[in-house]
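Colleague: Below you'll find the structure I mean.
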Amino acid sequence: MPKDIRFYLFTGIVFLAGIGLGFFANNKPAPSQPVIQETKINIDNPLYSSQIANIRGRIDQINGKNLAVTNLNNNISGNVAVSDRIIITIPGNNKPTSDLSVLEAGKEVLIGLEMINGTYQAVTIQYISASPPLLRPALKPATQSSQLQSL
C-alpha cells in the first residue's frame, strides 16, 4: 500500500473516532423528576427552641397519622406525619379539635409543621373557607335621556 493512502486512511479513522468520542462525551442524560426526601436536622444551637415550616396545600389521602399532601405553591407531593399535639380548625366550628376523624381530603388547608425529634410533624391544620363574593353597589341602568344630557 502506498504511503499516501495509509496517511489518508489513518487521518480518516482518527477523524471519525474524534467525532464519535465528541458525540458520546456531550450526550447528557435526560433530567429526572425531583425526589422529595425527608431531612433530619438536629438543632445544635441552644438558642433555638424549635424549627417551624408551613405548607399551603391539599390533603390527598389520610392514613392514620400520616397525610399525603400536595403543596399548592409548587405542585410537589409528599407525606407528612401528624403530631400528637395536633390542633385542627374548621371554618364555622368555634372549637378547635385534635380528632383526626374530622380531616377531609381534597380541600385546601394551611399546615403548620414543627421539627420534633428530627422530623417535621404537623401541629396545626387549618381548613380555608371559601371567600365571600365581593359586594358591589347596584348600578342604575342608563336611560337615553341621561345619556343625552351628558353630551
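Residue numbering restarts at 1 for every chain of the C-alpha cells, chains are lettered A, B, ... in their displayed order, and ligands are numbered from 1 as they appear.
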If we count only C-alpha atoms and set the cut-off at 10 Å, which residues sit around Asn73 (chain A), ignoring sequence neighbours fewer than 3 positions away in its own chain? Please answer as a ChimeraX atom specification.
Modeller: /A:55-57,70,76
Colleague: What's the 10 Å shell around Tyr127 (chain A), counting only C-alpha atoms, without same-chain residues fewer than 2 positions away, as a PyMOL selection string?
Modeller: chain A and resi 57-58+88-91+103-104+107-111+124-125+129-130
Colleague: Write out, as a PDB file, in the first residue's frame, the residues just selected, with C-alpha atoms.
Modeller:
```pdb
ATOM      1  CA  GLY A  57     -51.703  22.615  50.257  1.00  0.00           C
ATOM      2  CA  ARG A  58     -54.335  19.969  49.816  1.00  0.00           C
ATOM      3  CA  ILE A  88     -57.395  21.227  63.689  1.00  0.00           C
ATOM      4  CA  THR A  89     -59.592  24.232  62.921  1.00  0.00           C
ATOM      5  CA  ILE A  90     -62.567  24.092  60.593  1.00  0.00           C
ATOM      6  CA  PRO A  91     -64.492  27.161  59.338  1.00  0.00           C
ATOM      7  CA  LEU A 103     -59.936  15.558  58.442  1.00  0.00           C
ATOM      8  CA  GLU A 104     -61.264  15.759  54.898  1.00  0.00           C
ATOM      9  CA  LYS A 107     -59.776  20.576  50.476  1.00  0.00           C
ATOM     10  CA  GLU A 108     -57.296  23.444  50.693  1.00  0.00           C
ATOM     11  CA  VAL A 109     -55.509  23.681  54.054  1.00  0.00           C
ATOM     12  CA  LEU A 110     -52.722  25.537  55.809  1.00  0.00           C
ATOM     13  CA  ILE A 111     -50.486  23.071  57.631  1.00  0.00           C
ATOM     14  CA  THR A 124     -51.773  22.678  63.135  1.00  0.00           C
ATOM     15  CA  ILE A 125     -54.175  22.110  60.247  1.00  0.00           C
ATOM     16  CA  SER A 129     -63.056  28.729  53.899  1.00  0.00           C
ATOM     17  CA  ALA A 130     -64.256  29.942  50.550  1.00  0.00           C
TER      18      ALA A 130
END
```
Colleague: From the set A:Thr119, A:Ser101, A:Asn75, A:Asn94, which residue has the shortest atom-to-atom contact distance to Ile62 (chain A), counting only C-alpha atoms?
Modeller: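 Distance minimum relative to Ile62 (chain A) lands on A:Ser101.
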Colleague: For CA of Gln126 (chain A) and CA of Pro96 (chain A), quote the distance in Å rounded to one decimal.
Modeller: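 Atom-to-atom, CA of Gln126 (chain A) and CA of Pro96 (chain A) are spaced 9.3 Å apart.
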Colleague: Can you pull out the residues contacting Ala122 (chain A)? Cut-off 8 Å, using only C-alpha atoms, and skip same-chain residues under 6 positions away; I want them as a PyMOL selection string.
Modeller: chain A and resi 80-83+86+111-114
Colleague: Rounded to one decimal, what separation in Å do you get between CA of Thr97 (chain A) and CA of Asn74 (chain A)?
Modeller: 28.8 Å
Colleague: From the set A:Ala17, A:Val69, A:Ile87, A:Val123, which residue has the shortest atom-to-atom contact distance to Val102 (chain A), counting only C-alpha atoms?
Modeller: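 Nearest candidate to Val102 (chain A) out of A:Ala17, A:Val69, A:Ile87, A:Val123: A:Ile87.
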Colleague: Can you tell me how far CA of Gln51 (chain A) sits from CA of Gly118 (chain A), in Å to one decimal?
Modeller: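 Distance reported for this atom pair: 9.9 Å.
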Colleague: Which parts of region 89-130 of chain A does DSSP call strand (DSSP E or B) when run on the backbone here, written out as a PyMOL selection string?
Modeller: chain A and resi 89+97+108-116+119-127
